[in-house]
>>> print(open('data-v2.txt').read())   # compact mmCIF, C-alpha atoms
# COMPACT_ATOMS: atom_id res chain seq x y z
CA MET A 1 -0.98 -8.27 -28.15
CA ASP A 2 -3.57 -8.46 -30.93
CA TYR A 3 -6.07 -5.88 -29.73
CA SER A 4 -8.28 -6.13 -32.82
CA LYS A 5 -10.33 -9.03 -31.46
CA TYR A 6 -11.46 -6.75 -28.61
CA ILE A 7 -12.92 -4.07 -30.95
CA LYS A 8 -16.50 -4.44 -32.16
CA ASN A 9 -17.53 -2.78 -35.40
CA VAL A 10 -21.04 -1.28 -35.12
CA PRO A 11 -22.44 -0.11 -38.48
CA ASP A 12 -24.51 3.10 -38.75
CA PHE A 13 -23.78 4.38 -35.23
CA PRO A 14 -24.33 7.12 -34.12
CA VAL A 15 -25.59 8.05 -37.63
CA GLU A 16 -26.02 6.22 -40.94
CA GLY A 17 -22.80 5.58 -42.82
CA ILE A 18 -20.51 5.64 -39.76
CA GLN A 19 -18.71 2.38 -38.88
CA PHE A 20 -18.38 2.87 -35.12
CA LYS A 21 -15.45 1.15 -33.44
CA ASP A 22 -16.62 0.02 -30.02
CA ILE A 23 -13.74 -0.20 -27.52
CA THR A 24 -15.84 -1.44 -24.59
CA PRO A 25 -14.81 -5.11 -25.13
CA LEU A 26 -11.16 -4.02 -24.89
CA ILE A 27 -11.53 -2.00 -21.69
CA GLY A 28 -13.85 -4.79 -20.52
CA ASN A 29 -10.98 -7.30 -20.63
CA GLY A 30 -8.56 -6.88 -17.72
CA LYS A 31 -5.49 -8.21 -19.51
CA ALA A 32 -6.09 -6.32 -22.77
CA PHE A 33 -6.84 -3.05 -20.94
CA LYS A 34 -3.69 -3.40 -18.83
CA ALA A 35 -1.53 -4.16 -21.88
CA CYS A 36 -2.95 -1.12 -23.71
CA ILE A 37 -2.32 1.25 -20.78
CA ASP A 38 1.19 -0.19 -20.27
CA GLU A 39 2.07 0.54 -23.92
CA PHE A 40 0.84 4.12 -23.58
CA SER A 41 2.68 4.53 -20.27
CA ASP A 42 5.96 3.28 -21.78
CA PHE A 43 5.56 5.80 -24.60
CA ALA A 44 4.81 8.65 -22.18
CA ARG A 45 7.81 7.69 -20.03
CA GLU A 46 10.12 7.71 -23.10
CA LYS A 47 8.86 11.19 -23.95
CA LYS A 48 9.59 12.37 -20.40
CA ALA A 49 6.00 13.52 -19.91
CA THR A 50 5.16 15.63 -16.86
CA LYS A 51 1.37 15.68 -17.37
CA ILE A 52 -1.25 13.47 -19.01
CA VAL A 53 -4.20 15.16 -20.72
CA GLY A 54 -7.42 13.46 -21.83
CA PRO A 55 -10.60 14.84 -23.39
CA ASP A 56 -14.08 14.10 -22.01
CA ALA A 57 -15.25 11.35 -21.85
CA ARG A 58 -13.45 8.32 -23.33
CA GLY A 59 -10.13 10.13 -23.09
CA PHE A 60 -10.56 9.83 -19.31
CA ILE A 61 -10.69 6.03 -19.61
CA VAL A 62 -7.25 5.84 -21.20
CA GLY A 63 -5.62 8.98 -19.82
CA ALA A 64 -6.35 8.58 -16.11
CA PRO A 65 -4.77 5.08 -15.84
CA VAL A 66 -1.66 6.28 -17.71
CA ALA A 67 -1.33 9.17 -15.23
CA TYR A 68 -1.79 6.73 -12.33
CA ALA A 69 0.79 4.29 -13.73
CA LEU A 70 3.40 7.05 -14.02
CA GLU A 71 2.37 8.90 -10.84
CA LEU A 72 1.71 12.01 -12.93
CA PRO A 73 -1.08 14.61 -12.88
CA PHE A 74 -4.16 13.88 -14.98
CA ILE A 75 -5.71 16.94 -16.67
CA PRO A 76 -9.30 16.57 -17.92
CA ILE A 77 -10.46 18.49 -21.00
CA ARG A 78 -14.20 19.02 -20.71
CA LYS A 79 -17.28 20.28 -22.48
CA PRO A 80 -18.19 23.89 -21.56
CA GLY A 81 -19.88 24.44 -18.21
CA LYS A 82 -18.34 21.40 -16.53
CA LEU A 83 -15.12 22.86 -15.10
CA PRO A 84 -15.88 25.19 -12.19
CA ARG A 85 -12.96 27.66 -12.36
CA ASP A 86 -11.38 29.94 -15.02
CA THR A 87 -10.91 28.12 -18.34
CA PHE A 88 -9.35 28.41 -21.76
CA ASP A 89 -12.00 27.49 -24.39
CA TYR A 90 -11.79 26.31 -28.00
CA ASP A 91 -14.52 25.69 -30.65
CA TYR A 92 -14.08 23.10 -33.41
CA ASP A 93 -15.78 20.78 -35.94
CA LEU A 94 -16.38 17.09 -35.25
CA GLU A 95 -16.65 14.04 -37.53
CA TYR A 96 -20.42 14.60 -37.13
CA GLY A 97 -21.48 18.00 -35.77
CA SER A 98 -19.47 20.61 -33.82
CA ASN A 99 -18.18 21.00 -30.30
CA SER A 100 -16.39 23.22 -27.82
CA LEU A 101 -13.80 22.22 -25.22
CA SER A 102 -12.48 23.82 -22.02
CA MET A 103 -9.43 23.40 -19.80
CA HIS A 104 -8.72 25.00 -16.43
CA LYS A 105 -6.27 27.87 -16.91
CA ASP A 106 -4.06 26.65 -14.06
CA ALA A 107 -3.95 23.02 -15.26
CA ILE A 108 -0.85 23.40 -17.46
CA GLU A 109 2.22 25.52 -16.81
CA GLN A 110 5.05 26.81 -18.96
CA GLY A 111 7.55 23.98 -19.42
CA ASP A 112 5.09 21.12 -18.92
CA ARG A 113 5.72 18.15 -21.23
CA VAL A 114 2.26 16.89 -22.15
CA ILE A 115 0.97 13.59 -23.53
CA ILE A 116 -2.56 13.77 -24.96
CA THR A 117 -4.51 10.49 -24.74
CA ASP A 118 -7.80 9.47 -26.31
CA ASP A 119 -9.46 6.31 -27.57
CA LEU A 120 -9.86 7.37 -31.20
CA LEU A 121 -8.09 9.52 -33.79
CA ALA A 122 -10.72 10.34 -36.41
CA THR A 123 -10.79 13.74 -38.16
CA GLY A 124 -8.50 15.14 -35.47
CA GLY A 125 -10.90 17.91 -34.47
CA THR A 126 -10.98 17.03 -30.78
CA LEU A 127 -7.24 16.47 -30.84
CA GLU A 128 -6.50 19.80 -32.53
CA ALA A 129 -8.66 21.62 -29.97
CA THR A 130 -6.87 19.86 -27.13
CA ILE A 131 -3.44 20.72 -28.56
CA LYS A 132 -4.48 24.38 -28.89
CA LEU A 133 -5.63 24.49 -25.25
CA VAL A 134 -2.40 22.91 -23.98
CA GLU A 135 -0.20 25.21 -26.07
CA GLU A 136 -2.22 28.32 -25.16
CA ALA A 137 -1.42 27.51 -21.52
CA GLY A 138 2.32 27.26 -22.32
CA GLY A 139 2.64 23.46 -22.38
CA GLN A 140 4.69 21.47 -24.89
CA VAL A 141 2.88 18.53 -26.51
CA VAL A 142 5.49 15.74 -26.57
CA GLY A 143 3.27 12.92 -27.81
CA LEU A 144 -0.20 11.62 -28.65
CA THR A 145 -1.66 8.17 -27.93
CA PHE A 146 -4.77 6.49 -29.34
CA ILE A 147 -6.20 3.00 -29.24
CA ILE A 148 -7.55 3.40 -32.80
CA GLU A 149 -6.74 5.55 -35.83
CA LEU A 150 -9.26 5.84 -38.70
CA LEU A 151 -6.86 6.34 -41.62
CA GLU A 152 -9.47 7.58 -44.12
CA LEU A 153 -10.27 10.62 -42.00
CA LYS A 154 -6.68 11.91 -42.07
CA GLY A 155 -6.57 13.25 -38.53
CA ARG A 156 -2.84 12.67 -38.45
CA GLU A 157 -2.31 15.07 -41.38
CA ARG A 158 -4.43 17.72 -39.66
CA VAL A 159 -2.14 17.90 -36.63
CA GLY A 160 1.08 16.72 -38.28
CA LYS A 161 4.28 17.14 -36.40
CA TYR A 162 3.75 15.30 -33.08
CA PRO A 163 4.99 11.77 -32.21
CA ILE A 164 1.99 9.42 -32.25
CA LYS A 165 1.47 6.01 -30.66
CA VAL A 166 -1.50 4.05 -32.09
CA LEU A 167 -2.47 0.43 -31.35
CA LEU A 168 -4.88 -0.27 -34.23
CA LYS A 169 -5.41 1.28 -37.67
CA TYR A 170 -8.57 0.92 -39.78
CA MET B 1 -2.76 11.25 3.23
CA ASP B 2 -4.68 14.48 3.89
CA TYR B 3 -6.56 14.84 0.62
CA SER B 4 -8.55 17.88 1.73
CA LYS B 5 -5.87 20.36 0.67
CA TYR B 6 -6.32 19.14 -2.93
CA ILE B 7 -10.06 19.92 -3.02
CA LYS B 8 -11.16 23.43 -4.04
CA ASN B 9 -14.53 24.70 -2.89
CA VAL B 10 -16.26 26.71 -5.64
CA PRO B 11 -19.38 28.55 -4.40
CA ASP B 12 -22.50 28.82 -6.58
CA PHE B 13 -21.40 26.33 -9.24
CA PRO B 14 -23.07 25.09 -11.41
CA VAL B 15 -26.05 26.98 -9.90
CA GLU B 16 -26.54 29.41 -7.01
CA GLY B 17 -26.43 27.83 -3.58
CA ILE B 18 -24.32 24.81 -4.55
CA GLN B 19 -20.87 24.56 -2.95
CA PHE B 20 -19.06 22.65 -5.71
CA LYS B 21 -16.15 20.46 -4.61
CA ASP B 22 -13.54 20.64 -7.38
CA ILE B 23 -11.38 17.48 -7.49
CA THR B 24 -9.14 18.64 -10.36
CA PRO B 25 -6.31 19.72 -7.98
CA LEU B 26 -6.33 16.20 -6.50
CA ILE B 27 -6.20 14.36 -9.82
CA GLY B 28 -3.77 17.06 -10.95
CA ASN B 29 -1.25 15.98 -8.29
CA GLY B 30 0.55 12.76 -9.22
CA LYS B 31 1.20 11.58 -5.65
CA ALA B 32 -2.27 12.42 -4.34
CA PHE B 33 -4.00 10.82 -7.33
CA LYS B 34 -1.91 7.64 -6.97
CA ALA B 35 -2.60 7.42 -3.22
CA CYS B 36 -6.33 7.84 -3.82
CA ILE B 37 -6.47 5.12 -6.51
CA ASP B 38 -4.33 2.79 -4.36
CA GLU B 39 -6.79 3.14 -1.46
CA PHE B 40 -9.72 2.33 -3.77
CA SER B 41 -7.81 -0.60 -5.30
CA ASP B 42 -7.02 -2.07 -1.86
CA PHE B 43 -10.71 -1.84 -0.96
CA ALA B 44 -11.77 -3.50 -4.27
CA ARG B 45 -9.20 -6.27 -3.77
CA GLU B 46 -10.49 -6.95 -0.23
CA LYS B 47 -14.01 -7.23 -1.62
CA LYS B 48 -12.79 -9.73 -4.27
CA ALA B 49 -14.15 -7.55 -7.08
CA THR B 50 -14.28 -9.03 -10.60
CA LYS B 51 -15.36 -5.82 -12.38
CA ILE B 52 -15.04 -2.07 -11.81
CA VAL B 53 -17.94 0.15 -12.88
CA GLY B 54 -17.83 3.94 -13.25
CA PRO B 55 -20.46 6.43 -14.42
CA ASP B 56 -19.80 9.02 -17.13
CA ALA B 57 -17.72 11.17 -16.89
CA ARG B 58 -15.77 11.71 -13.62
CA GLY B 59 -16.44 8.12 -12.60
CA PHE B 60 -14.14 7.18 -15.49
CA ILE B 61 -11.29 9.17 -13.91
CA VAL B 62 -11.36 7.11 -10.72
CA GLY B 63 -12.76 3.81 -12.01
CA ALA B 64 -10.48 3.18 -14.99
CA PRO B 65 -7.22 3.44 -12.97
CA VAL B 66 -8.62 1.10 -10.28
CA ALA B 67 -9.46 -1.45 -13.02
CA TYR B 68 -5.97 -1.03 -14.48
CA ALA B 69 -4.29 -1.43 -11.07
CA LEU B 70 -6.15 -4.70 -10.42
CA GLU B 71 -6.03 -5.94 -14.04
CA LEU B 72 -9.84 -6.06 -14.05
CA PRO B 73 -12.45 -5.06 -16.64
CA PHE B 74 -13.66 -1.46 -16.58
CA ILE B 75 -17.37 -1.00 -17.37
CA PRO B 76 -18.49 2.52 -18.34
CA ILE B 77 -22.00 3.70 -17.47
CA ARG B 78 -22.99 6.34 -20.01
CA LYS B 79 -25.62 8.88 -20.94
CA PRO B 80 -28.17 7.60 -23.47
CA GLY B 81 -27.05 7.44 -27.12
CA LYS B 82 -23.36 6.97 -26.32
CA LEU B 83 -23.08 3.17 -26.08
CA PRO B 84 -23.45 1.60 -29.53
CA ARG B 85 -24.94 -1.81 -28.70
CA ASP B 86 -27.95 -3.13 -26.71
CA THR B 87 -28.28 -1.41 -23.32
CA PHE B 88 -30.14 -1.49 -20.04
CA ASP B 89 -31.42 2.04 -19.26
CA TYR B 90 -32.49 3.79 -16.04
CA ASP B 91 -34.02 7.24 -15.41
CA TYR B 92 -33.42 9.14 -12.17
CA ASP B 93 -33.34 12.53 -10.41
CA LEU B 94 -30.12 14.49 -9.86
CA GLU B 95 -29.02 16.97 -7.18
CA TYR B 96 -30.02 19.58 -9.81
CA GLY B 97 -32.19 18.33 -12.70
CA SER B 98 -32.75 14.79 -13.99
CA ASN B 99 -30.80 12.23 -15.98
CA SER B 100 -30.82 8.84 -17.62
CA LEU B 101 -28.02 6.24 -17.69
CA SER B 102 -27.24 3.24 -19.88
CA MET B 103 -25.04 0.15 -19.62
CA HIS B 104 -24.27 -2.44 -22.30
CA LYS B 105 -26.37 -5.56 -21.65
CA ASP B 106 -23.34 -7.84 -22.03
CA ALA B 107 -21.09 -5.78 -19.70
CA ILE B 108 -22.02 -7.61 -16.49
CA GLU B 109 -22.75 -11.30 -16.04
CA GLN B 110 -24.45 -13.35 -13.34
CA GLY B 111 -21.92 -13.85 -10.52
CA ASP B 112 -19.85 -10.74 -11.20
CA ARG B 113 -18.66 -8.98 -8.04
CA VAL B 114 -18.86 -5.28 -8.83
CA ILE B 115 -17.25 -2.20 -7.31
CA ILE B 116 -18.90 1.09 -8.32
CA THR B 117 -16.53 4.08 -8.34
CA ASP B 118 -17.27 7.79 -8.67
CA ASP B 119 -15.78 11.07 -7.50
CA LEU B 120 -18.77 12.26 -5.45
CA LEU B 121 -21.60 10.82 -3.37
CA ALA B 122 -24.26 13.55 -3.25
CA THR B 123 -27.98 12.67 -3.30
CA GLY B 124 -27.11 9.17 -4.49
CA GLY B 125 -29.25 9.42 -7.65
CA THR B 126 -26.47 8.49 -10.05
CA LEU B 127 -25.31 5.78 -7.67
CA GLU B 128 -28.79 4.28 -7.27
CA ALA B 129 -29.22 4.20 -11.06
CA THR B 130 -25.84 2.52 -11.47
CA ILE B 131 -26.65 -0.09 -8.81
CA LYS B 132 -29.99 -0.84 -10.54
CA LEU B 133 -28.24 -1.34 -13.89
CA VAL B 134 -25.62 -3.67 -12.39
CA GLU B 135 -28.20 -5.71 -10.49
CA GLU B 136 -30.58 -5.89 -13.47
CA ALA B 137 -27.72 -7.52 -15.39
CA GLY B 138 -27.23 -10.08 -12.60
CA GLY B 139 -24.16 -8.55 -10.94
CA GLN B 140 -23.59 -8.34 -7.18
CA VAL B 141 -22.51 -4.89 -5.90
CA VAL B 142 -19.79 -5.68 -3.33
CA GLY B 143 -18.67 -2.11 -2.61
CA LEU B 144 -18.80 1.59 -3.45
CA THR B 145 -15.92 4.09 -3.51
CA PHE B 146 -16.00 7.89 -3.60
CA ILE B 147 -13.44 10.62 -3.16
CA ILE B 148 -16.03 12.86 -1.47
CA GLU B 149 -19.31 12.36 0.40
CA LEU B 150 -21.65 15.32 0.96
CA LEU B 151 -23.23 14.28 4.26
CA GLU B 152 -26.16 16.75 4.15
CA LEU B 153 -27.54 15.16 0.99
CA LYS B 154 -27.89 11.72 2.60
CA GLY B 155 -26.95 9.66 -0.45
CA ARG B 156 -25.70 6.90 1.84
CA GLU B 157 -29.18 6.49 3.37
CA ARG B 158 -30.75 6.30 -0.09
CA VAL B 159 -28.72 3.23 -1.09
CA GLY B 160 -28.05 1.83 2.38
CA LYS B 161 -26.70 -1.64 2.66
CA TYR B 162 -23.47 -1.60 0.61
CA PRO B 163 -19.92 -1.29 2.02
CA ILE B 164 -18.64 2.23 1.24
CA LYS B 165 -15.12 3.63 1.07
CA VAL B 166 -14.94 7.45 1.18
CA LEU B 167 -11.82 9.64 1.46
CA LEU B 168 -13.38 12.96 2.47
CA LYS B 169 -16.66 13.98 4.10
CA TYR B 170 -18.20 17.47 4.01
>>> encode(input="data-v2.txt", output="structure tokens")
Amino acid sequence: MDYSKYIKNVPDFPVEGIQFKDITPLIGNGKAFKACIDEFSDFAREKKATKIVGPDARGFIVGAPVAYALELPFIPIRKPGKLPRDTFDYDYDLEYGSNSLSMHKDAIEQGDRVIITDDLLATGGTLEATIKLVEEAGGQVVGLTFIIELLELKGRERVGKYPIKVLLKY
Amino acid sequence: MDYSKYIKNVPDFPVEGIQFKDITPLIGNGKAFKACIDEFSDFAREKKATKIVGPDARGFIVGAPVAYALELPFIPIRKPGKLPRDTFDYDYDLEYGSNSLSMHKDAIEQGDRVIITDDLLATGGTLEATIKLVEEAGGQVVGLTFIIELLELKGRERVGKYPIKVLLKY
């Protein structure tokens, strides 16, 4: 499927100079959204994933349906103060600004084969933080999936060695 | 399925006196998560839904898989400043604090039959805001689904007339 017609480019959002890729038309089209999740699910199945991880908030939109499709656990990565029990935490830099992410300590176990899902691979800051949290808990990251990769920002180089499934590159 | 064993009660989170219902063990169990989404999907199918709406952020975890299961559009309701194009906005009071929510103006059209999904029905503030946004855009709310309803907080009375599907009541 040609997903590109479901992505809207929004100039200067959220700040001047950023060409924001709006995925809401894609998730707002039943057939396109299903095709996207099916591609990610096939990839996760091939990698023999045991858990699907997605960062707050758009990572929930792609990760939770993949978990549902494969009847696997979905593990949310959240901003600090949102998860109610003991967490691992990680601070990192964003494309614009900085952030911190948390994961419940009991969410991932030694031996878990983890797919990390998100809508966008930009600088890779969020992704790197998520990988660190999963690996700190003893999980093995067996693959990464994104709707969009922004090639100029070189997120792929930042994290390197993991198998990646991407639907659209800009 | 007895979902209650997958809900952890966390006292005094996020503030003293609140008994927080943690759904992460439920979404962290593949079979329980699938059963939950299948129940919501059956309900949405019965109501002849054309779009699934979920508020940021845990509403994405339940809403996006229901949209995927039914091959329907998923419409995210977000905090201000997150959606890049023209939005309808609504301010409201929370169980603790206040909030504002936004929806893309072109997300819902006249005649759309909308199911609103979220993890928790508490005071109904978030729900009421979401209903207002959908109806302002010309959509018809044909049903509401929640994993948990907190009966003491009377959210159901606040919104009243809509068909509701709830898995657990406390």
>>> closest_residue(input="data-v2.txt", among="B:Glu16, B:Asp38, B:Glu128, B:Asp2", to="chain A", atoms="all atoms listed in the file")
B:Asp38
>>> atom_distance(input="data-v2.txt", atom1="CA of Ala57 in chain A", atom2="CA of Lys169 in chain B")
26.1 Å
>>> closest_atom_pairs(input="data-v2.txt", of="chain B", to="chain A", cutoff="6 Å", atoms="all atoms listed in the file", output="JSON lines")
{"residue": "B:Ile27", "atom": "CA", "partner": "A:Phe74", "partner_atom": "CA", "distance": 5.6}
{"residue": "B:Gly28", "atom": "CA", "partner": "A:Pro73", "partner_atom": "CA", "distance": 4.1}
{"residue": "B:Asn29", "atom": "CA", "partner": "A:Pro73", "partner_atom": "CA", "distance": 4.8}
{"residue": "B:Gly30", "atom": "CA", "partner": "A:Leu72", "partner_atom": "CA", "distance": 4.0}
{"residue": "B:Lys31", "atom": "CA", "partner": "A:Glu71", "partner_atom": "CA", "distance": 6.0}
{"residue": "B:Lys34", "atom": "CA", "partner": "A:Tyr68", "partner_atom": "CA", "distance": 5.4}
{"residue": "B:Ala57", "atom": "CA", "partner": "A:Ala57", "partner_atom": "CA", "distance": 5.5}
{"residue": "B:Phe60", "atom": "CA", "partner": "A:Ile61", "partner_atom": "CA", "distance": 5.5}
{"residue": "B:Ile61", "atom": "CA", "partner": "A:Ala64", "partner_atom": "CA", "distance": 5.4}
{"residue": "B:Ala64", "atom": "CA", "partner": "A:Ile61", "partner_atom": "CA", "distance": 5.4}
{"residue": "B:Pro65", "atom": "CA", "partner": "A:Pro65", "partner_atom": "CA", "distance": 4.1}
{"residue": "B:Tyr68", "atom": "CA", "partner": "A:Lys34", "partner_atom": "CA", "distance": 5.5}
{"residue": "B:Glu71", "atom": "CA", "partner": "A:Gly30", "partner_atom": "CA", "distance": 4.6}
{"residue": "B:Leu72", "atom": "CA", "partner": "A:Gly30", "partner_atom": "CA", "distance": 4.0}
{"residue": "B:Pro73", "atom": "CA", "partner": "A:Gly28", "partner_atom": "CA", "distance": 4.1}
{"residue": "B:Phe74", "atom": "CA", "partner": "A:Gly28", "partner_atom": "CA", "distance": 5.2}
>>> closest_residue(input="data-v2.txt", among="A:Lys154, A:Lys5, A:Lys165, A:Lys105", to="Gly124 in chain A", atoms="all atoms listed in the file")
A:Lys154
>>> residues_near_point(input="data-v2.txt", point="(-23.2, -5.9, -11.7)", cutoff="6 Å", atoms="only C-alpha atoms", output="compact mmCIF listing (two decimals) with C-alpha atoms, in the frame of the given file")
# COMPACT_ATOMS: atom_id res chain seq x y z
CA ILE B 108 -22.02 -7.61 -16.49
CA ASP B 112 -19.85 -10.74 -11.20
CA VAL B 114 -18.86 -5.28 -8.83
CA VAL B 134 -25.62 -3.67 -12.39
CA GLU B 135 -28.20 -5.71 -10.49
CA GLY B 138 -27.23 -10.08 -12.60
CA GLY B 139 -24.16 -8.55 -10.94
CA GLN B 140 -23.59 -8.34 -7.18
CA VAL B 141 -22.51 -4.89 -5.90
>>> atom_distance(input="data-v2.txt", atom1="CA of Lys47 in chain B", atom2="CA of Asp93 in chain B")
29.0 Å
>>> atom_distance(input="data-v2.txt", atom1="CA of Met1 in chain B", atom2="CA of Leu151 in chain B")
20.7 Å
>>> residues_around(input="data-v2.txt", residues="Asn99 in chain A", least_positions_apart="4", cutoff="12 Å", atoms="all atoms listed in the file", output="VMD selection string")
chain A and resid 55 to 56 78 to 80 89 to 95 125 to 130
>>> closest_residue(input="data-v2.txt", among="A:Gln19, A:Gln110, A:Ser98, A:Thr123", to="Glu149 in chain A", atoms="all atoms listed in the file")
A:Thr123
>>> residues_around(input="data-v2.txt", residues="Leu144 in chain B", least_positions_apart="2", cutoff="7 Å", atoms="only C-alpha atoms", output="list in words")
Ile115, Ile116, Thr117, Phe146, Tyr162, Pro163, Ile164 and Lys165 of chain B
>>> closest_residue(input="data-v2.txt", among="A:Val142, A:Val15, A:Ile77, A:Val159", to="Glu46 in chain A", atoms="all atoms listed in the file")
A:Val142
>>> axis_aligned_box(input="data-v2.txt", around="range 138-146 of chain A", padding_each_side="8 Å", output="AutoDock Vina command-line options")
--center_x 0.4 --center_y 16.9 --center_z -25.8 --size_x 26.3 --size_y 36.8 --size_z 23.0
